[in-house]
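The structure file query-v1.pdb is reproduced below (PDB, C-alpha atoms and all ligand atoms).
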```pdb
ATOM      1  CA  MET A   1       0.000   0.000   0.000
ATOM      2  CA  LYS A   2       1.337   3.417  -0.931
ATOM      3  CA  ARG A   3       0.888   6.758   0.743
ATOM      4  CA  ILE A   4       1.679  10.257  -0.501
ATOM      5  CA  ILE A   5       4.278  12.050   1.594
ATOM      6  CA  ASN A   6       5.666  15.573   1.469
ATOM      7  CA  LEU A   7       9.225  16.268   2.539
ATOM      8  CA  THR A   8      11.747  19.047   2.256
ATOM      9  CA  ILE A   9      15.137  17.560   1.502
ATOM     10  CA  ASN A  10      18.152  19.819   1.113
ATOM     11  CA  LYS A  11      15.752  22.754   0.636
ATOM     12  CA  ILE A  12      13.876  21.014  -2.195
ATOM     13  CA  ILE A  13      10.214  20.086  -1.675
ATOM     14  CA  TYR A  14       9.214  16.563  -2.710
ATOM     15  CA  GLU A  15       5.758  15.045  -2.973
ATOM     16  CA  HIS A  16       6.034  11.327  -3.517
ATOM     17  CA  ALA A  17       3.987   8.138  -3.272
ATOM     18  CA  VAL A  18       5.821   5.598  -1.171
ATOM     19  CA  GLU A  19       5.146   2.085   0.119
ATOM     20  CA  VAL A  20       4.308   2.311   3.821
ATOM     21  CA  ASN A  21       7.059  -0.155   4.746
ATOM     22  CA  THR A  22       9.856   1.659   2.860
ATOM     23  CA  THR A  23      12.563   3.026   5.132
ATOM     24  CA  LEU A  24      13.744   6.593   4.806
ATOM     25  CA  ALA A  25      17.191   5.282   3.820
ATOM     26  CA  ASP A  26      15.731   3.248   0.966
ATOM     27  CA  PHE A  27      13.454   6.106  -0.051
ATOM     28  CA  LEU A  28      16.384   8.511  -0.271
ATOM     29  CA  ARG A  29      18.619   6.093  -2.119
ATOM     30  CA  TYR A  30      16.313   4.186  -4.419
ATOM     31  CA  GLU A  31      13.336   6.508  -4.958
ATOM     32  CA  LEU A  32      15.164   9.848  -5.051
ATOM     33  CA  GLY A  33      18.650   8.722  -6.128
ATOM     34  CA  LEU A  34      20.309  10.392  -3.126
ATOM     35  CA  THR A  35      22.864   7.617  -2.764
ATOM     36  CA  GLY A  36      25.238   9.666  -0.620
ATOM     37  CA  THR A  37      23.341   8.255   2.360
ATOM     38  CA  LYS A  38      24.887   4.815   2.849
ATOM     39  CA  LYS A  39      23.504   1.596   4.278
ATOM     40  CA  GLY A  40      26.002  -0.436   6.270
ATOM     41  CA  CYS A  41      23.936  -2.608   8.583
ATOM     42  CA  ASP A  42      20.242  -1.703   8.108
ATOM     43  CA  THR A  43      19.756  -2.366  11.831
ATOM     44  CA  GLY A  44      20.690   0.941  13.466
ATOM     45  CA  ASP A  45      24.193  -0.068  14.516
ATOM     46  CA  CYS A  46      26.684   1.643  12.180
ATOM     47  CA  GLY A  47      25.479   5.201  11.558
ATOM     48  CA  ALA A  48      26.327   5.099   7.850
ATOM     49  CA  CYS A  49      22.753   6.117   7.046
ATOM     50  CA  THR A  50      22.728   9.160   9.362
ATOM     51  CA  VAL A  51      20.741  12.151   8.131
ATOM     52  CA  ILE A  52      19.471  15.248   9.935
ATOM     53  CA  LEU A  53      15.690  15.206  10.379
ATOM     54  CA  ASP A  54      14.038  18.300  11.860
ATOM     55  CA  GLY A  55      17.322  19.294  13.467
ATOM     56  CA  ASP A  56      18.334  15.967  14.962
ATOM     57  CA  THR A  57      20.369  13.098  13.599
ATOM     58  CA  VAL A  58      18.549   9.841  12.886
ATOM     59  CA  ASN A  59      19.555   6.492  11.518
ATOM     60  CA  SER A  60      17.464   6.637   8.371
ATOM     61  CA  CYS A  61      17.386   2.839   8.166
ATOM     62  CA  LEU A  62      15.270   2.865  11.340
ATOM     63  CA  VAL A  63      12.775   5.500  10.177
ATOM     64  CA  LEU A  64       9.953   4.742   7.776
ATOM     65  CA  ALA A  65       9.601   7.241   4.967
ATOM     66  CA  VAL A  66       5.952   7.759   5.968
ATOM     67  CA  GLN A  67       7.093   8.676   9.488
ATOM     68  CA  ALA A  68       9.131  11.484   7.940
ATOM     69  CA  ASP A  69       6.092  12.981   6.224
ATOM     70  CA  GLY A  70       6.277  16.760   6.633
ATOM     71  CA  ALA A  71       9.870  16.726   7.877
ATOM     72  CA  VAL A  72      12.814  18.880   6.884
ATOM     73  CA  ILE A  73      15.773  16.647   6.075
ATOM     74  CA  GLU A  74      19.428  17.317   5.349
ATOM     75  CA  THR A  75      21.583  14.737   3.593
ATOM     76  CA  ILE A  76      25.215  14.823   2.561
ATOM     77  CA  GLU A  77      24.189  16.007  -0.915
ATOM     78  CA  GLY A  78      22.951  19.266   0.604
ATOM     79  CA  LEU A  79      26.287  20.314   2.080
ATOM     80  CA  SER A  80      28.356  21.366  -0.906
ATOM     81  CA  ASN A  81      27.273  24.105  -3.285
ATOM     82  CA  GLU A  82      28.491  25.880  -6.409
ATOM     83  CA  ASP A  83      31.316  27.392  -4.365
ATOM     84  CA  GLY A  84      32.670  23.958  -3.455
ATOM     85  CA  LEU A  85      32.743  21.676  -0.455
ATOM     86  CA  HIS A  86      31.244  22.583   2.904
ATOM     87  CA  PRO A  87      34.054  23.632   5.303
ATOM     88  CA  LEU A  88      33.496  20.470   7.312
ATOM     89  CA  GLN A  89      33.897  18.316   4.204
ATOM     90  CA  GLN A  90      37.024  20.262   3.303
ATOM     91  CA  ALA A  91      38.400  19.671   6.791
ATOM     92  CA  PHE A  92      37.865  15.911   6.407
ATOM     93  CA  VAL A  93      39.837  15.994   3.162
ATOM     94  CA  GLU A  94      42.638  18.135   4.576
ATOM     95  CA  LYS A  95      43.005  16.097   7.765
ATOM     96  CA  GLY A  96      42.946  12.757   5.944
ATOM     97  CA  ALA A  97      39.806  11.734   7.830
ATOM     98  CA  ILE A  98      38.472   9.710   4.892
ATOM     99  CA  GLN A  99      39.823   6.370   3.726
ATOM    100  CA  CYS A 100      37.278   4.076   2.043
ATOM    101  CA  GLY A 101      34.699   6.808   2.585
ATOM    102  CA  PHE A 102      31.761   4.536   3.305
ATOM    103  CA  CYS A 103      31.189   5.930   6.803
ATOM    104  CA  SER A 104      31.993   9.506   5.811
ATOM    105  CA  PRO A 105      28.542  10.834   4.863
ATOM    106  CA  GLY A 106      27.082   9.646   8.148
ATOM    107  CA  VAL A 107      30.045  10.861  10.173
ATOM    108  CA  ILE A 108      29.925  14.258   8.495
ATOM    109  CA  MET A 109      26.168  14.635   9.050
ATOM    110  CA  SER A 110      26.604  13.790  12.738
ATOM    111  CA  SER A 111      29.488  16.262  12.924
ATOM    112  CA  LYS A 112      27.460  18.968  11.207
ATOM    113  CA  ASN A 113      24.556  18.493  13.594
ATOM    114  CA  LEU A 114      26.929  18.629  16.548
ATOM    115  CA  LEU A 115      28.512  21.878  15.323
ATOM    116  CA  ASP A 116      25.126  23.370  14.375
ATOM    117  CA  LYS A 117      24.052  22.968  17.989
ATOM    118  CA  ASN A 118      27.351  23.862  19.636
ATOM    119  CA  ASP A 119      30.026  25.642  17.627
ATOM    120  CA  ASN A 120      32.715  24.871  20.180
ATOM    121  CA  PRO A 121      32.259  21.304  21.460
ATOM    122  CA  SER A 122      34.854  19.822  23.776
ATOM    123  CA  ASN A 123      36.864  16.787  22.790
ATOM    124  CA  GLN A 124      34.553  14.685  24.926
ATOM    125  CA  GLU A 125      31.459  16.203  23.306
ATOM    126  CA  ILE A 126      32.859  15.431  19.850
ATOM    127  CA  ARG A 127      33.428  11.821  20.875
ATOM    128  CA  GLU A 128      29.923  11.572  22.272
ATOM    129  CA  GLY A 129      28.453  13.262  19.193
ATOM    130  CA  LEU A 130      30.103  10.710  16.918
ATOM    131  CA  SER A 131      29.571   7.696  19.158
ATOM    132  CA  GLY A 132      26.849   6.328  16.879
ATOM    133  CA  ASN A 133      29.080   6.304  13.803
ATOM    134  CA  LEU A 134      31.378   3.366  13.191
ATOM    135  CA  CYS A 135      34.475   3.628  11.008
ATOM    136  CA  ARG A 136      36.495   0.559  10.095
ATOM    137  CA  CYS A 137      39.396   2.421   8.501
ATOM    138  CA  THR A 138      40.600   5.613  10.094
ATOM    139  CA  GLY A 139      41.035   4.801  13.783
ATOM    140  CA  TYR A 140      38.891   7.902  14.450
ATOM    141  CA  THR A 141      41.801  10.195  15.366
ATOM    142  CA  LYS A 142      41.795  12.012  12.019
ATOM    143  CA  ILE A 143      38.019  12.301  12.155
ATOM    144  CA  PHE A 144      38.182  13.929  15.580
ATOM    145  CA  GLU A 145      40.938  16.251  14.333
ATOM    146  CA  ALA A 146      38.813  17.288  11.350
ATOM    147  CA  VAL A 147      35.793  18.071  13.517
ATOM    148  CA  SER A 148      37.910  19.806  16.138
ATOM    149  CA  SER A 149      39.446  22.025  13.459
ATOM    150  CA  GLN A 150      35.957  23.392  12.787
ATOM    151  CA  CYS A 151      35.288  24.348  16.397
ATOM    152  CA  SER A 152      35.114  28.109  16.812
ATOM    153  CA  ASP A 153      38.181  28.127  19.084
ATOM    154  CA  ASN A 154      40.297  26.255  16.532
ATOM    155  CA  LYS A 155      39.383  27.766  13.185
ATOM    156  CA  GLY A 156      42.389  29.278  11.548
ATOM    157  CA  GLY A 157      44.766  26.372  11.695
ATOM    158  CA  SER A 158      45.244  25.056  15.225
ATOM    159  CA  HIS A 159      43.665  21.794  16.326
ATOM    160  CA  GLY A 160      44.862  22.006  19.875
ATOM    161  CA  LYS A 161      41.917  20.202  21.449
ATOM    162  CA  ILE A 162      42.979  16.754  20.312
TER     163      ILE A 162
HETATM  164  S1  LIG B   1      22.643   1.370   7.921
HETATM  165 FE1  LIG B   1      21.517   2.483   9.361
HETATM  166  S2  LIG B   1      22.664   2.376  11.198
HETATM  167 FE2  LIG B   1      23.736   1.070   9.811
HETATM  168  S1  LIG B   2      36.733   5.567   6.118
HETATM  169 FE1  LIG B   2      36.266   3.471   5.754
HETATM  170  S2  LIG B   2      34.715   3.015   7.213
HETATM  171 FE2  LIG B   2      35.348   5.012   7.733
END
```
Using structure tokens, write down the structure that the file contains.
Amino acid sequence: MKRIINLTINKIIYEHAVEVNTTLADFLRYELGLTGTKKGCDTGDCGACTVILDGDTVNSCLVLAVQADGAVIETIEGLSNEDGLHPLQQAFVEKGAIQCGFCSPGVIMSSKNLLDKNDNPSNQEIREGLSGNLCRCTGYTKIFEAVSSQCSDNKGGSHGKI
């Protein structure tokens, strides 16, 4: 059975018929082609599918698309613009915080949400903010450095919090 839903994703309004048992992750990837949102586990364990929904991060594999009806959603595709990468994305590149890249969209969306809410998180708050995102490659240190470099105290070159 399908239901019509309305969503705002990366500032674009969508009206779409969707099966009631389709997850938000599958809806984004397979109905809208927004494949930047990854699926690692499909059980809420890895954070690869993290998106921002009405100002909070969610594992989109655990949310039904119909539950997101009316929501405002940000995905990794919404971060860069015609001027280039989002500063947080650029920091991940410059700090070498990306290896295979599979976790990166989810990690970056969690980082963005953290910094949107608190522009100067402590080292501990960064760790807590990213605790739902698993990375098999980087050992996390570079990821924490990249996020820390975007804290208001550290912009301009230093990453003294790590
Ligand atoms: S794919 Fe959603 S948490 Fe792993
Ligand atoms: S960079 Fe490979 S899983 Fe994180």
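Picked by the PyMOL selection byres (((chain A and resi 122) around 12) and not hetatm) from the coordinates shown: Leu114, Leu115, Asn118, Asp119, Asn120, Pro121, Asn123, Gln124, Glu125, Ile126, Arg127, Glu128, Gly129, Phe144, Glu145, Val147, Ser148, Ser149, Gln150, Cys151, Ser152, Asp153, Asn154, His159, Gly160, Lys161 and Ile162 of chain A.
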Save the residues we just selected, C-alpha atoms, as a PDB file, in the coordinates of the input?
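What landed in again30.pdb:
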```
ATOM      1  CA  LEU A 114      26.929  18.629  16.548  1.00  0.00           C
ATOM      2  CA  LEU A 115      28.512  21.878  15.323  1.00  0.00           C
ATOM      3  CA  ASN A 118      27.351  23.862  19.636  1.00  0.00           C
ATOM      4  CA  ASP A 119      30.026  25.642  17.627  1.00  0.00           C
ATOM      5  CA  ASN A 120      32.715  24.871  20.180  1.00  0.00           C
ATOM      6  CA  PRO A 121      32.259  21.304  21.460  1.00  0.00           C
ATOM      7  CA  ASN A 123      36.864  16.787  22.790  1.00  0.00           C
ATOM      8  CA  GLN A 124      34.553  14.685  24.926  1.00  0.00           C
ATOM      9  CA  GLU A 125      31.459  16.203  23.306  1.00  0.00           C
ATOM     10  CA  ILE A 126      32.859  15.431  19.850  1.00  0.00           C
ATOM     11  CA  ARG A 127      33.428  11.821  20.875  1.00  0.00           C
ATOM     12  CA  GLU A 128      29.923  11.572  22.272  1.00  0.00           C
ATOM     13  CA  GLY A 129      28.453  13.262  19.193  1.00  0.00           C
ATOM     14  CA  PHE A 144      38.182  13.929  15.580  1.00  0.00           C
ATOM     15  CA  GLU A 145      40.938  16.251  14.333  1.00  0.00           C
ATOM     16  CA  VAL A 147      35.793  18.071  13.517  1.00  0.00           C
ATOM     17  CA  SER A 148      37.910  19.806  16.138  1.00  0.00           C
ATOM     18  CA  SER A 149      39.446  22.025  13.459  1.00  0.00           C
ATOM     19  CA  GLN A 150      35.957  23.392  12.787  1.00  0.00           C
ATOM     20  CA  CYS A 151      35.288  24.348  16.397  1.00  0.00           C
ATOM     21  CA  SER A 152      35.114  28.109  16.812  1.00  0.00           C
ATOM     22  CA  ASP A 153      38.181  28.127  19.084  1.00  0.00           C
ATOM     23  CA  ASN A 154      40.297  26.255  16.532  1.00  0.00           C
ATOM     24  CA  HIS A 159      43.665  21.794  16.326  1.00  0.00           C
ATOM     25  CA  GLY A 160      44.862  22.006  19.875  1.00  0.00           C
ATOM     26  CA  LYS A 161      41.917  20.202  21.449  1.00  0.00           C
ATOM     27  CA  ILE A 162      42.979  16.754  20.312  1.00  0.00           C
TER      28      ILE A 162
END
```
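For the residues A:Ala65, A:Leu134, A:Val58, A:Ile5, ranking by smallest atom-to-atom distance to ligand LIG 2 (chain B) using only C-alpha atoms and all ligand atoms places A:Leu134 first.
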key: Nearby polymer residues, ligand LIG 2 (chain B), at most 10 Å, all atoms listed in the file, as a list in words   = Gly40, Cys46, Ala48, Gly96, Ala97, Ile98, Gln99, Cys100, Gly101, Phe102, Cys103, Ser104, Pro105, Gly106, Val107, Asn133, Leu134, Cys135, Arg136, Cys137, Thr138, Gly139, Tyr140 and Ile143 of chain A
note = note - atom CA of A:Ala71 and atom CA of A:Gly33 are separated by 18.4 Å
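Based on all atoms listed in the file, the protein and nucleic acid residues found within 8 Å of ligand LIG 1 (chain B) are, by chain and then by number, A:Ala25, A:Lys38, A:Lys39, A:Gly40, A:Cys41, A:Asp42, A:Thr43, A:Gly44, A:Asp45, A:Cys46, A:Gly47, A:Ala48, A:Cys49, A:Thr50, A:Asn59, A:Ser60, A:Cys61, A:Leu62, A:Asn133.
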Output check: residues returned by the PyMOL selection byres (((chain A and resi 76) around 9) and not hetatm), as a VMD selection string = chain A and resid 10 34 36 to 37 51 74 to 75 77 to 80 105 to 106 108 to 109
Take the residues from that selection and put them in a file with C-alpha atoms, as a short mmCIF file (atom, residue, chain, number, x, y, z; two decimals), in the coordinates of the input.
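Final output, saved to selection18.cif:
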```
data_model
loop_
_atom_site.label_atom_id
_atom_site.label_comp_id
_atom_site.auth_asym_id
_atom_site.auth_seq_id
_atom_site.Cartn_x
_atom_site.Cartn_y
_atom_site.Cartn_z
CA ASN A 10 18.15 19.82 1.11
CA LEU A 34 20.31 10.39 -3.13
CA GLY A 36 25.24 9.67 -0.62
CA THR A 37 23.34 8.26 2.36
CA VAL A 51 20.74 12.15 8.13
CA GLU A 74 19.43 17.32 5.35
CA THR A 75 21.58 14.74 3.59
CA GLU A 77 24.19 16.01 -0.92
CA GLY A 78 22.95 19.27 0.60
CA LEU A 79 26.29 20.31 2.08
CA SER A 80 28.36 21.37 -0.91
CA PRO A 105 28.54 10.83 4.86
CA GLY A 106 27.08 9.65 8.15
CA ILE A 108 29.92 14.26 8.49
CA MET A 109 26.17 14.64 9.05
#
```
key: Atomic distance atom CA of A:Lys11 - atom CA of A:Arg29, expressed in Å with one decimal   = 17.1 Å
